[in-house]
$ cat coords_30.cif   # mmCIF, C-alpha atoms and all ligand atoms
data_protein
#
loop_
_atom_site.group_PDB
_atom_site.id
_atom_site.type_symbol
_atom_site.label_atom_id
_atom_site.label_comp_id
_atom_site.auth_asym_id
_atom_site.auth_seq_id
_atom_site.Cartn_x
_atom_site.Cartn_y
_atom_site.Cartn_z
ATOM 1 C CA MET Q 1262 26.353 1.602 -153.966
ATOM 2 C CA ARG Q 1263 26.701 1.719 -150.171
ATOM 3 C CA GLN Q 1264 25.860 5.182 -148.784
ATOM 4 C CA VAL Q 1265 28.907 6.762 -147.201
ATOM 5 C CA MET Q 1266 29.002 9.244 -144.348
ATOM 6 C CA TRP Q 1267 30.263 12.708 -145.173
ATOM 7 C CA ASP Q 1268 31.639 13.902 -141.839
ATOM 8 C CA SER Q 1269 33.157 17.099 -140.512
ATOM 9 C CA PRO Q 1270 36.922 16.711 -140.681
ATOM 10 C CA PRO Q 1271 38.714 16.211 -137.361
ATOM 11 C CA GLU Q 1272 41.036 19.069 -136.344
ATOM 12 C CA ASP Q 1273 44.100 16.824 -136.580
ATOM 13 C CA LEU Q 1274 43.362 15.416 -140.055
ATOM 14 C CA GLU Q 1275 46.609 14.864 -141.960
ATOM 15 C CA LEU Q 1276 47.331 13.950 -145.556
ATOM 16 C CA ASP Q 1277 48.441 10.398 -146.184
ATOM 17 C CA ALA Q 1278 49.361 8.833 -149.534
ATOM 18 C CA GLY Q 1279 47.277 5.793 -148.578
ATOM 19 C CA TYR Q 1280 44.144 7.939 -148.400
ATOM 20 C CA ILE Q 1281 42.409 10.227 -150.812
ATOM 21 C CA ASP Q 1282 40.360 12.880 -149.052
ATOM 22 C CA VAL Q 1283 37.301 14.036 -150.952
ATOM 23 C CA TRP Q 1284 35.711 17.273 -149.753
ATOM 24 C CA ARG Q 1285 32.339 18.402 -150.963
ATOM 25 C CA THR Q 1286 30.135 21.428 -150.725
ATOM 26 C CA GLN Q 1287 27.075 22.765 -152.391
ATOM 27 C CA ILE Q 1288 27.619 26.022 -154.220
ATOM 28 C CA ASP Q 1289 24.380 27.692 -153.250
ATOM 29 C CA LEU Q 1290 25.563 29.199 -149.965
ATOM 30 C CA PRO Q 1291 24.569 32.329 -148.042
ATOM 31 C CA GLU Q 1292 26.255 35.460 -149.378
ATOM 32 C CA ASP Q 1293 28.481 35.917 -146.326
ATOM 33 C CA GLU Q 1294 29.849 32.380 -146.721
ATOM 34 C CA ILE Q 1295 30.571 33.003 -150.400
ATOM 35 C CA ASP Q 1296 32.320 36.259 -149.471
ATOM 36 C CA SER Q 1297 34.414 34.430 -146.874
ATOM 37 C CA TYR Q 1298 35.585 32.046 -149.624
ATOM 38 C CA VAL Q 1299 36.363 34.993 -151.922
ATOM 39 C CA ALA Q 1300 38.528 36.496 -149.173
ATOM 40 C CA THR Q 1301 40.839 33.450 -149.279
ATOM 41 C CA LEU Q 1302 41.495 33.704 -153.048
ATOM 42 C CA SER Q 1303 44.632 35.210 -154.569
ATOM 43 C CA GLN Q 1304 44.401 38.461 -156.539
ATOM 44 C CA GLU Q 1305 44.770 36.452 -159.763
ATOM 45 C CA GLU Q 1306 41.856 34.185 -158.758
ATOM 46 C CA GLN Q 1307 39.720 37.162 -157.749
ATOM 47 C CA ASP Q 1308 40.450 38.803 -161.110
ATOM 48 C CA ARG Q 1309 39.428 35.624 -162.902
ATOM 49 C CA ALA Q 1310 36.278 35.387 -160.761
ATOM 50 C CA ALA Q 1311 35.371 38.969 -161.669
ATOM 51 C CA ARG Q 1312 35.418 38.033 -165.371
ATOM 52 C CA PHE Q 1313 32.559 35.516 -165.021
ATOM 53 C CA THR Q 1314 29.423 37.194 -166.298
ATOM 54 C CA PHE Q 1315 26.953 34.567 -165.051
ATOM 55 C CA PRO Q 1316 26.479 34.607 -161.250
ATOM 56 C CA ASP Q 1317 26.254 30.796 -161.030
ATOM 57 C CA LYS Q 1318 29.613 30.390 -162.842
ATOM 58 C CA TYR Q 1319 31.173 33.016 -160.560
ATOM 59 C CA GLU Q 1320 29.870 31.188 -157.482
ATOM 60 C CA GLU Q 1321 31.006 27.755 -158.752
ATOM 61 C CA TYR Q 1322 34.494 29.103 -159.291
ATOM 62 C CA VAL Q 1323 34.922 30.975 -156.008
ATOM 63 C CA VAL Q 1324 33.304 28.315 -153.836
ATOM 64 C CA SER Q 1325 35.257 25.399 -155.321
ATOM 65 C CA ARG Q 1326 38.572 27.324 -155.222
ATOM 66 C CA GLY Q 1327 37.689 28.472 -151.703
ATOM 67 C CA LEU Q 1328 36.902 24.890 -150.669
ATOM 68 C CA LEU Q 1329 40.254 23.758 -152.079
ATOM 69 C CA ARG Q 1330 42.066 26.466 -150.084
ATOM 70 C CA LYS Q 1331 40.088 25.719 -146.931
ATOM 71 C CA ALA Q 1332 40.819 21.982 -147.215
ATOM 72 C CA LEU Q 1333 44.532 22.589 -147.863
ATOM 73 C CA ALA Q 1334 44.664 25.003 -144.918
ATOM 74 C CA HIS Q 1335 43.044 22.378 -142.709
ATOM 75 C CA VAL Q 1336 45.439 19.538 -143.525
ATOM 76 C CA LEU Q 1337 48.620 21.605 -143.976
ATOM 77 C CA LYS Q 1338 47.932 23.899 -140.971
ATOM 78 C CA GLN Q 1339 48.596 27.079 -142.946
ATOM 79 C CA PRO Q 1340 46.413 30.084 -143.763
ATOM 80 C CA ALA Q 1341 44.141 29.471 -146.767
ATOM 81 C CA THR Q 1342 45.515 32.592 -148.454
ATOM 82 C CA GLU Q 1343 49.107 31.236 -148.447
ATOM 83 C CA PHE Q 1344 48.860 28.726 -151.296
ATOM 84 C CA GLN Q 1345 50.231 29.819 -154.652
ATOM 85 C CA PHE Q 1346 49.051 27.602 -157.451
ATOM 86 C CA GLU Q 1347 50.811 27.168 -160.736
ATOM 87 C CA TYR Q 1348 49.337 25.768 -163.954
ATOM 88 C CA THR Q 1349 50.441 23.221 -166.512
ATOM 89 C CA ASP Q 1350 50.163 24.037 -170.230
ATOM 90 C CA SER Q 1351 46.752 22.344 -170.157
ATOM 91 C CA LYS Q 1352 45.718 24.555 -167.225
ATOM 92 C CA LYS Q 1353 45.768 21.936 -164.468
ATOM 93 C CA PRO Q 1354 46.453 23.761 -161.204
ATOM 94 C CA TYR Q 1355 49.165 22.346 -158.939
ATOM 95 C CA LEU Q 1356 51.241 23.307 -155.920
ATOM 96 C CA PRO Q 1357 54.907 23.663 -156.885
ATOM 97 C CA ILE Q 1358 56.139 23.565 -153.271
ATOM 98 C CA LYS Q 1359 56.671 20.228 -151.530
ATOM 99 C CA TYR Q 1360 55.423 19.688 -148.002
ATOM 100 C CA ALA Q 1361 57.616 17.424 -145.862
ATOM 101 C CA ASN Q 1362 59.251 16.295 -149.126
ATOM 102 C CA LYS Q 1363 55.960 15.222 -150.637
ATOM 103 C CA THR Q 1364 53.905 16.615 -153.471
ATOM 104 C CA VAL Q 1365 50.390 17.612 -152.459
ATOM 105 C CA SER Q 1366 48.118 16.318 -155.238
ATOM 106 C CA PHE Q 1367 44.649 17.683 -155.772
ATOM 107 C CA ASN Q 1368 41.918 18.196 -158.310
ATOM 108 C CA ILE Q 1369 38.625 20.109 -158.414
ATOM 109 C CA SER Q 1370 35.324 19.472 -160.149
ATOM 110 C CA HIS Q 1371 32.088 21.422 -160.115
ATOM 111 C CA SER Q 1372 28.761 20.970 -161.832
ATOM 112 C CA HIS Q 1373 25.284 22.446 -161.399
ATOM 113 C CA GLY Q 1374 25.646 23.593 -157.805
ATOM 114 C CA GLN Q 1375 27.951 20.858 -156.447
ATOM 115 C CA ALA Q 1376 31.708 21.011 -155.918
ATOM 116 C CA LEU Q 1377 34.211 18.264 -155.104
ATOM 117 C CA VAL Q 1378 37.879 18.566 -154.216
ATOM 118 C CA ALA Q 1379 40.159 15.502 -153.972
ATOM 119 C CA ILE Q 1380 43.480 15.757 -152.115
ATOM 120 C CA SER Q 1381 46.288 13.276 -151.435
ATOM 121 C CA LEU Q 1382 50.073 12.999 -151.611
ATOM 122 C CA ASP Q 1383 52.432 11.949 -154.406
ATOM 123 C CA ARG Q 1384 49.715 10.854 -156.822
ATOM 124 C CA ASN Q 1385 48.172 12.059 -160.042
ATOM 125 C CA ILE Q 1386 44.517 12.654 -159.203
ATOM 126 C CA GLY Q 1387 41.529 13.564 -161.322
ATOM 127 C CA ILE Q 1388 37.957 13.993 -160.174
ATOM 128 C CA ASP Q 1389 34.797 14.670 -162.149
ATOM 129 C CA ILE Q 1390 31.216 15.335 -161.122
ATOM 130 C CA GLU Q 1391 28.359 15.754 -163.565
ATOM 131 C CA LYS Q 1392 24.655 16.254 -163.185
ATOM 132 C CA ILE Q 1393 22.702 13.390 -164.741
ATOM 133 C CA ARG Q 1394 20.667 15.253 -167.301
ATOM 134 C CA SER Q 1395 18.113 14.027 -169.791
ATOM 135 C CA ASP Q 1396 18.542 16.945 -172.221
ATOM 136 C CA VAL Q 1397 21.708 15.408 -173.632
ATOM 137 C CA GLU Q 1398 22.072 13.724 -176.997
ATOM 138 C CA TYR Q 1399 23.685 10.585 -175.613
ATOM 139 C CA GLU Q 1400 24.002 8.768 -178.891
ATOM 140 C CA LYS Q 1401 25.664 11.670 -180.709
ATOM 141 C CA LEU Q 1402 28.044 12.441 -177.860
ATOM 142 C CA ALA Q 1403 28.918 8.784 -177.299
ATOM 143 C CA LEU Q 1404 29.610 8.357 -181.002
ATOM 144 C CA ARG Q 1405 31.819 11.429 -181.025
ATOM 145 C CA PHE Q 1406 33.747 10.971 -177.772
ATOM 146 C CA PHE Q 1407 33.564 7.382 -176.512
ATOM 147 C CA SER Q 1408 35.437 4.353 -177.790
ATOM 148 C CA GLU Q 1409 33.677 2.024 -180.203
ATOM 149 C CA ALA Q 1410 33.229 -0.606 -177.504
ATOM 150 C CA GLU Q 1411 31.686 1.879 -175.047
ATOM 151 C CA HIS Q 1412 29.374 3.353 -177.675
ATOM 152 C CA HIS Q 1413 28.296 -0.108 -178.755
ATOM 153 C CA GLU Q 1414 27.573 -1.258 -175.188
ATOM 154 C CA LEU Q 1415 25.709 1.941 -174.362
ATOM 155 C CA MET Q 1416 23.399 1.429 -177.318
ATOM 156 C CA GLN Q 1417 22.610 -2.137 -176.175
ATOM 157 C CA ILE Q 1418 21.032 -1.101 -172.873
ATOM 158 C CA SER Q 1419 17.510 0.228 -172.452
ATOM 159 C CA ALA Q 1420 16.924 3.941 -173.007
ATOM 160 C CA ASP Q 1421 15.897 4.251 -169.333
ATOM 161 C CA GLU Q 1422 19.274 3.076 -168.097
ATOM 162 C CA ARG Q 1423 21.250 4.975 -170.694
ATOM 163 C CA ALA Q 1424 21.495 8.342 -168.919
ATOM 164 C CA ARG Q 1425 23.174 6.941 -165.792
ATOM 165 C CA SER Q 1426 25.517 4.764 -167.834
ATOM 166 C CA PHE Q 1427 26.391 7.667 -170.111
ATOM 167 C CA PHE Q 1428 27.402 9.802 -167.131
ATOM 168 C CA ALA Q 1429 29.232 6.884 -165.495
ATOM 169 C CA ILE Q 1430 31.356 6.533 -168.643
ATOM 170 C CA TRP Q 1431 31.740 10.294 -169.011
ATOM 171 C CA THR Q 1432 32.914 10.926 -165.433
ATOM 172 C CA ARG Q 1433 35.257 7.888 -165.535
ATOM 173 C CA LYS Q 1434 36.861 9.208 -168.692
ATOM 174 C CA GLU Q 1435 37.065 12.812 -167.532
ATOM 175 C CA ALA Q 1436 38.501 11.800 -164.162
ATOM 176 C CA PHE Q 1437 41.260 9.936 -165.995
ATOM 177 C CA VAL Q 1438 42.136 12.711 -168.468
ATOM 178 C CA LYS Q 1439 42.133 15.153 -165.540
ATOM 179 C CA ALA Q 1440 44.413 12.847 -163.526
ATOM 180 C CA ILE Q 1441 46.987 12.828 -166.325
ATOM 181 C CA GLY Q 1442 46.409 16.570 -166.653
ATOM 182 C CA LYS Q 1443 45.703 16.563 -170.385
ATOM 183 C CA GLY Q 1444 41.975 17.225 -170.311
ATOM 184 C CA ILE Q 1445 39.633 16.241 -173.121
ATOM 185 C CA ALA Q 1446 42.245 17.130 -175.749
ATOM 186 C CA PHE Q 1447 43.936 13.826 -174.859
ATOM 187 C CA GLY Q 1448 41.145 11.945 -176.641
ATOM 188 C CA LEU Q 1449 38.441 10.164 -174.693
ATOM 189 C CA SER Q 1450 38.405 7.274 -177.152
ATOM 190 C CA GLU Q 1451 42.039 6.401 -176.413
ATOM 191 C CA PHE Q 1452 40.917 4.053 -173.636
ATOM 192 C CA ASP Q 1453 37.960 1.939 -172.538
ATOM 193 C CA VAL Q 1454 36.141 1.969 -169.213
ATOM 194 C CA ASN Q 1455 33.299 -0.229 -167.986
ATOM 195 C CA ILE Q 1456 29.866 1.252 -168.472
ATOM 196 C CA SER Q 1457 27.718 0.046 -165.564
ATOM 197 C CA PRO Q 1458 27.170 2.722 -162.910
ATOM 198 C CA GLU Q 1459 26.404 -0.062 -160.403
ATOM 199 C CA GLU Q 1460 29.847 -1.682 -160.786
ATOM 200 C CA PRO Q 1461 33.124 -0.295 -159.460
ATOM 201 C CA PRO Q 1462 34.764 1.722 -162.241
ATOM 202 C CA VAL Q 1463 37.731 0.182 -164.032
ATOM 203 C CA MET Q 1464 40.017 1.063 -166.876
ATOM 204 C CA LEU Q 1465 39.650 -1.893 -169.252
ATOM 205 C CA ALA Q 1466 42.099 -1.094 -172.056
ATOM 206 C CA THR Q 1467 44.327 1.638 -173.415
ATOM 207 C CA ARG Q 1468 45.330 2.380 -176.986
ATOM 208 C CA TRP Q 1469 48.884 3.144 -175.813
ATOM 209 C CA ASN Q 1470 50.950 0.802 -173.600
ATOM 210 C CA PRO Q 1471 48.410 -1.911 -172.610
ATOM 211 C CA GLU Q 1472 50.249 -2.472 -169.341
ATOM 212 C CA ASP Q 1473 49.404 1.065 -168.211
ATOM 213 C CA VAL Q 1474 45.918 -0.182 -167.368
ATOM 214 C CA SER Q 1475 47.303 -1.636 -164.145
ATOM 215 C CA LEU Q 1476 48.737 1.737 -163.064
ATOM 216 C CA TRP Q 1477 45.338 3.371 -162.707
ATOM 217 C CA SER Q 1478 42.513 2.950 -160.219
ATOM 218 C CA MET Q 1479 39.122 4.600 -160.115
ATOM 219 C CA ALA Q 1480 36.369 4.949 -157.560
ATOM 220 C CA THR Q 1481 32.784 6.093 -157.731
ATOM 221 C CA ILE Q 1482 32.221 8.998 -155.381
ATOM 222 C CA ASP Q 1483 28.951 8.931 -153.506
ATOM 223 C CA ALA Q 1484 27.359 12.108 -154.862
ATOM 224 C CA GLU Q 1485 24.001 13.771 -154.332
ATOM 225 C CA ASN Q 1486 20.987 12.282 -156.081
ATOM 226 C CA ASN Q 1487 21.042 12.932 -159.819
ATOM 227 C CA PHE Q 1488 24.795 13.419 -159.864
ATOM 228 C CA MET Q 1489 27.533 11.014 -160.912
ATOM 229 C CA ALA Q 1490 31.113 11.430 -159.751
ATOM 230 C CA THR Q 1491 34.334 9.479 -160.301
ATOM 231 C CA LEU Q 1492 37.874 9.756 -159.031
ATOM 232 C CA ALA Q 1493 40.923 8.429 -160.913
ATOM 233 C CA THR Q 1494 44.422 8.020 -159.542
ATOM 234 C CA ASP Q 1495 47.729 6.284 -160.036
ATOM 235 C CA GLY Q 1496 49.978 5.336 -157.127
ATOM 236 C CA GLY Q 1497 48.440 2.068 -155.998
ATOM 237 C CA GLU Q 1498 45.772 1.201 -153.477
ATOM 238 C CA PHE Q 1499 44.002 3.852 -151.472
ATOM 239 C CA GLN Q 1500 41.079 4.406 -149.189
ATOM 240 C CA LEU Q 1501 38.612 7.241 -149.544
ATOM 241 C CA ARG Q 1502 37.730 9.653 -146.754
ATOM 242 C CA HIS Q 1503 34.712 11.927 -147.194
ATOM 243 C CA TRP Q 1504 34.508 15.392 -145.632
ATOM 244 C CA GLN Q 1505 32.051 18.227 -145.769
HETATM 245 C C1 LIG Q 1601 39.833 19.992 -167.525
HETATM 246 C C2 LIG Q 1601 38.530 19.731 -168.220
HETATM 247 C C3 LIG Q 1601 38.432 18.236 -168.531
HETATM 248 C C4 LIG Q 1601 37.442 20.211 -167.243
HETATM 249 O O1 LIG Q 1601 36.198 19.719 -167.524
HETATM 250 P P1 LIG Q 1601 34.809 20.183 -166.866
HETATM 251 O O2 LIG Q 1601 33.995 18.957 -166.643
HETATM 252 O O3 LIG Q 1601 34.243 21.246 -167.696
HETATM 253 O O4 LIG Q 1601 35.127 20.879 -165.489
HETATM 254 P P2 LIG Q 1601 35.361 20.334 -164.016
HETATM 255 O O5 LIG Q 1601 34.504 21.150 -163.151
HETATM 256 O O6 LIG Q 1601 35.279 18.853 -163.887
HETATM 257 O O7 LIG Q 1601 36.892 20.701 -163.765
HETATM 258 C C5 LIG Q 1601 37.328 22.016 -163.776
HETATM 259 C C6 LIG Q 1601 38.535 22.106 -162.878
HETATM 260 O O8 LIG Q 1601 39.549 21.186 -163.270
HETATM 261 C C7 LIG Q 1601 40.824 21.793 -163.080
HETATM 262 N N1 LIG Q 1601 41.512 21.707 -164.369
HETATM 263 C C8 LIG Q 1601 41.633 22.635 -165.346
HETATM 264 N N2 LIG Q 1601 42.370 22.132 -166.365
HETATM 265 C C9 LIG Q 1601 42.710 20.885 -166.013
HETATM 266 C C10 LIG Q 1601 43.467 19.866 -166.655
HETATM 267 N N3 LIG Q 1601 44.031 20.031 -167.852
HETATM 268 N N4 LIG Q 1601 43.614 18.666 -166.015
HETATM 269 C C11 LIG Q 1601 43.063 18.476 -164.804
HETATM 270 N N5 LIG Q 1601 42.337 19.413 -164.144
HETATM 271 C C12 LIG Q 1601 42.165 20.592 -164.749
HETATM 272 C C13 LIG Q 1601 40.601 23.217 -162.628
HETATM 273 O O9 LIG Q 1601 40.785 23.267 -161.231
HETATM 274 C C14 LIG Q 1601 39.172 23.474 -163.001
HETATM 275 O O10 LIG Q 1601 38.441 24.249 -162.110
HETATM 276 P P3 LIG Q 1601 38.636 25.812 -161.947
HETATM 277 O O11 LIG Q 1601 38.921 26.344 -163.304
HETATM 278 O O12 LIG Q 1601 37.364 26.268 -161.364
HETATM 279 O O13 LIG Q 1601 39.762 25.913 -161.017
HETATM 280 C C15 LIG Q 1601 38.401 20.498 -169.569
HETATM 281 O O14 LIG Q 1601 38.237 21.866 -169.300
HETATM 282 C C16 LIG Q 1601 39.643 20.328 -170.427
HETATM 283 O O15 LIG Q 1601 39.743 19.396 -171.183
HETATM 284 N N6 LIG Q 1601 40.604 21.224 -170.278
HETATM 285 C C17 LIG Q 1601 41.880 21.154 -170.936
HETATM 286 C C18 LIG Q 1601 41.842 22.197 -171.989
HETATM 287 C C19 LIG Q 1601 43.164 22.435 -172.556
HETATM 288 O O16 LIG Q 1601 43.853 21.547 -172.988
HETATM 289 N N7 LIG Q 1601 43.535 23.705 -172.565
HETATM 290 C C20 LIG Q 1601 44.798 24.067 -173.090
HETATM 291 C C21 LIG Q 1601 44.987 25.507 -173.242
HETATM 292 S S1 LIG Q 1601 43.534 26.461 -173.273
#

$ encode --input "coords_30.cif" --output "structure tokens"
Amino acid sequence: MRQVMWDSPPEDLELDAGYIDVWRTQIDLPEDEIDSYVATLSQEEQDRAARFTFPDKYEEYVVSRGLLRKALAHVLKQPATEFQFEYTDSKKPYLPIKYANKTVSFNISHSHGQALVAISLDRNIGIDIEKIRSDVEYEKLALRFFSEAEHHELMQISADERARSFFAIWTRKEAFVKAIGKGIAFGLSEFDVNISPEEPPVMLATRWNPEDVSLWSMATIDAENNFMATLATDGGEFQLRHWQ
């Protein structure tokens, strides 16, 4: 995959339905930076943060929420503390208020010290980042969660290539179930994705209306070494912009 540039966002960056802005940060930040993120969180978010017993989980939560608020503040020109999120029954956060008659769409993902936030307008967006780990029982998990076709294909490739393909499939599937807001409960075997991490991600088939395949697009997000990340969205063509 072509390396992309993660730039600092220009002051006048605006949301545009034709673009999906992906913001990234590492979680391991100096304490004062973490505290400055905490200061932007709502009381409810701070209460939730305080319930994390492991420091790394606490930091993942406050930094990724803080990044979301900072990014929204940047593009909507409002204080980061202003945004009041609501939650669907499956716990997907969203902004109930429209901005200039448009819905601000976003999604967060964090894994092992990395956080990504995707933001656009009038779309359903899901993003997922995972660390490529070798301590995972690929075969068992693929058998349990993936479709038959994906499991079969994964078992055909060499063991060396399997980890990257496993996480390509996993992040493609999670990005989609996060875009529709259902999470894993939706059933990861309800649809097929391609398995090669080197190829652009695509939804190949669905077990519900087959024509829905054409509603969804995916993109591989250029993540740090040893991470795999995918974005899924409806709403037609888009271009990615990368900010850090
Ligand atoms: C959403 C889900 C796929 C996240 O998977 P994950 O790889 O562990 O975590 P990620 O870091 O990629 O994503 C977590 C973020 O996704 C967002 N999120 C939470 N639920 C979501 C949902 N249903 N759809 C989309 N995004 C969701 C949140 O912003 C969350 O981060 P935060 O809690 O720090 O704010 C998984 O938790 C899930 O399936 N949840 C749904 C569970 C459910 O149905 N609950 C019902 C009542 S308990």

$ axis_aligned_box --input "coords_30.cif" --around "ligand LIG 1601 (chain Q)" --padding-each-side "5 Å" --output "JSON"
{"center_x": 39.5, "center_y": 22.3, "center_z": -167.1, "size_x": 21.0, "size_y": 18.2, "size_z": 22.3}

$ resolve_selection --input "coords_30.cif" --expression "the PyMOL selection byres (((not hetatm)) within 9 of (chain Q and resi 1601))" --output "PyMOL selection string"
chain Q and resi 1306+1318+1321-1326+1348-1355+1367-1372+1376-1378+1386-1391+1432+1435-1447

$ resolve_selection --input "coords_30.cif" --expression "the PyMOL selection byres (((chain Q and resi 1393) around 6) and not hetatm)" --output "PDB file with C-alpha atoms, keeping the file's coordinate frame"
ATOM      1  CA  LYS Q1392      24.655  16.254-163.185  1.00  0.00           C
ATOM      2  CA  ARG Q1394      20.667  15.253-167.301  1.00  0.00           C
ATOM      3  CA  ASN Q1487      21.042  12.932-159.819  1.00  0.00           C
ATOM      4  CA  PHE Q1488      24.795  13.419-159.864  1.00  0.00           C
TER       5      PHE Q1488
END

$ closest_residue --input "coords_30.cif" --among "Q:Val1283, Q:Leu1382, Q:Ala1361, Q:Leu1329" --to "Thr1481 (chain Q)" --atoms "only C-alpha atoms"
Q:Val1283

$ residues_around --input "coords_30.cif" --residues "region 1458-1466 of chain Q" --least-positions-apart "4" --cutoff "6 Å" --atoms "all atoms listed in the file" --output "ChimeraX atom specification"
/Q:1426,1429,1452-1454,1479-1480

$ write_last_selection --input "coords_30.cif" --atoms "C-alpha atoms" --output "mmCIF file, keeping the file's coordinate frame"
data_model
loop_
_atom_site.group_PDB
_atom_site.id
_atom_site.type_symbol
_atom_site.label_atom_id
_atom_site.label_comp_id
_atom_site.auth_asym_id
_atom_site.auth_seq_id
_atom_site.Cartn_x
_atom_site.Cartn_y
_atom_site.Cartn_z
ATOM 1 C CA SER Q 1426 25.517 4.764 -167.834
ATOM 2 C CA ALA Q 1429 29.232 6.884 -165.495
ATOM 3 C CA PHE Q 1452 40.917 4.053 -173.636
ATOM 4 C CA ASP Q 1453 37.960 1.939 -172.538
ATOM 5 C CA VAL Q 1454 36.141 1.969 -169.213
ATOM 6 C CA MET Q 1479 39.122 4.600 -160.115
ATOM 7 C CA ALA Q 1480 36.369 4.949 -157.560
#

$ atom_distance --input "coords_30.cif" --atom1 "CA of Met1266 (chain Q)" --atom2 "CA of Trp1504 (chain Q)"
8.4 Å

$ atom_distance --input "coords_30.cif" --atom1 "CA of Ala1311 (chain Q)" --atom2 "CA of Tyr1298 (chain Q)"
13.9 Å

$ resolve_selection --input "coords_30.cif" --expression "the PyMOL selection byres (((chain Q and resi 1402) around 12) and not hetatm)" --output "ChimeraX atom specification"
/Q:1396-1401,1403-1408,1411-1412,1415-1416,1424,1427-1428,1430-1431,1449-1450

$ write_last_selection --input "coords_30.cif" --atoms "C-alpha atoms" --output "PDB file, in the coordinates of the input"
ATOM      1  CA  ASP Q1396      18.542  16.945-172.221  1.00  0.00           C
ATOM      2  CA  VAL Q1397      21.708  15.408-173.632  1.00  0.00           C
ATOM      3  CA  GLU Q1398      22.072  13.724-176.997  1.00  0.00           C
ATOM      4  CA  TYR Q1399      23.685  10.585-175.613  1.00  0.00           C
ATOM      5  CA  GLU Q1400      24.002   8.768-178.891  1.00  0.00           C
ATOM      6  CA  LYS Q1401      25.664  11.670-180.709  1.00  0.00           C
ATOM      7  CA  ALA Q1403      28.918   8.784-177.299  1.00  0.00           C
ATOM      8  CA  LEU Q1404      29.610   8.357-181.002  1.00  0.00           C
ATOM      9  CA  ARG Q1405      31.819  11.429-181.025  1.00  0.00           C
ATOM     10  CA  PHE Q1406      33.747  10.971-177.772  1.00  0.00           C
ATOM     11  CA  PHE Q1407      33.564   7.382-176.512  1.00  0.00           C
ATOM     12  CA  SER Q1408      35.437   4.353-177.790  1.00  0.00           C
ATOM     13  CA  GLU Q1411      31.686   1.879-175.047  1.00  0.00           C
ATOM     14  CA  HIS Q1412      29.374   3.353-177.675  1.00  0.00           C
ATOM     15  CA  LEU Q1415      25.709   1.941-174.362  1.00  0.00           C
ATOM     16  CA  MET Q1416      23.399   1.429-177.318  1.00  0.00           C
ATOM     17  CA  ALA Q1424      21.495   8.342-168.919  1.00  0.00           C
ATOM     18  CA  PHE Q1427      26.391   7.667-170.111  1.00  0.00           C
ATOM     19  CA  PHE Q1428      27.402   9.802-167.131  1.00  0.00           C
ATOM     20  CA  ILE Q1430      31.356   6.533-168.643  1.00  0.00           C
ATOM     21  CA  TRP Q1431      31.740  10.294-169.011  1.00  0.00           C
ATOM     22  CA  LEU Q1449      38.441  10.164-174.693  1.00  0.00           C
ATOM     23  CA  SER Q1450      38.405   7.274-177.152  1.00  0.00           C
TER      24      SER Q1450
END

$ atom_distance --input "coords_30.cif" --atom1 "CA of Asp1473 (chain Q)" --atom2 "CA of Ala1410 (chain Q)"
18.7 Å

$ closest_residue --input "coords_30.cif" --among "Q:Trp1284, Q:Leu1333, Q:Ser1366, Q:Gly1448" --to "Trp1469 (chain Q)" --atoms "all atoms listed in the file"
Q:Gly1448

$ closest_residue --input "coords_30.cif" --among "Q:Asp1289, Q:His1373, Q:Leu1328, Q:Asp1273" --to "Met1489 (chain Q)" --atoms "all atoms listed in the file"
Q:His1373

$ closest_residue --input "coords_30.cif" --among "Q:Thr1364, Q:His1413, Q:Val1336, Q:Glu1451" --to "Thr1467 (chain Q)" --atoms "all atoms listed in the file"
Q:Glu1451

$ closest_residue --input "coords_30.cif" --among "Q:Leu1501, Q:Ala1493, Q:Ala1484, Q:Ala1300" --to "Gln1287 (chain Q)" --atoms "all atoms listed in the file"
Q:Ala1484

$ closest_residue --input "coords_30.cif" --among "Q:Ile1482, Q:Ile1456, Q:Glu1305, Q:Leu1290" --to "Glu1347 (chain Q)" --atoms "only C-alpha atoms"
Q:Glu1305

$ residues_near_point --input "coords_30.cif" --point "(38.3, 6.9, -149.7)" --cutoff "8 Å" --atoms "all atoms listed in the file" --output "PyMOL selection string"
chain Q and resi 1280-1283+1499-1503
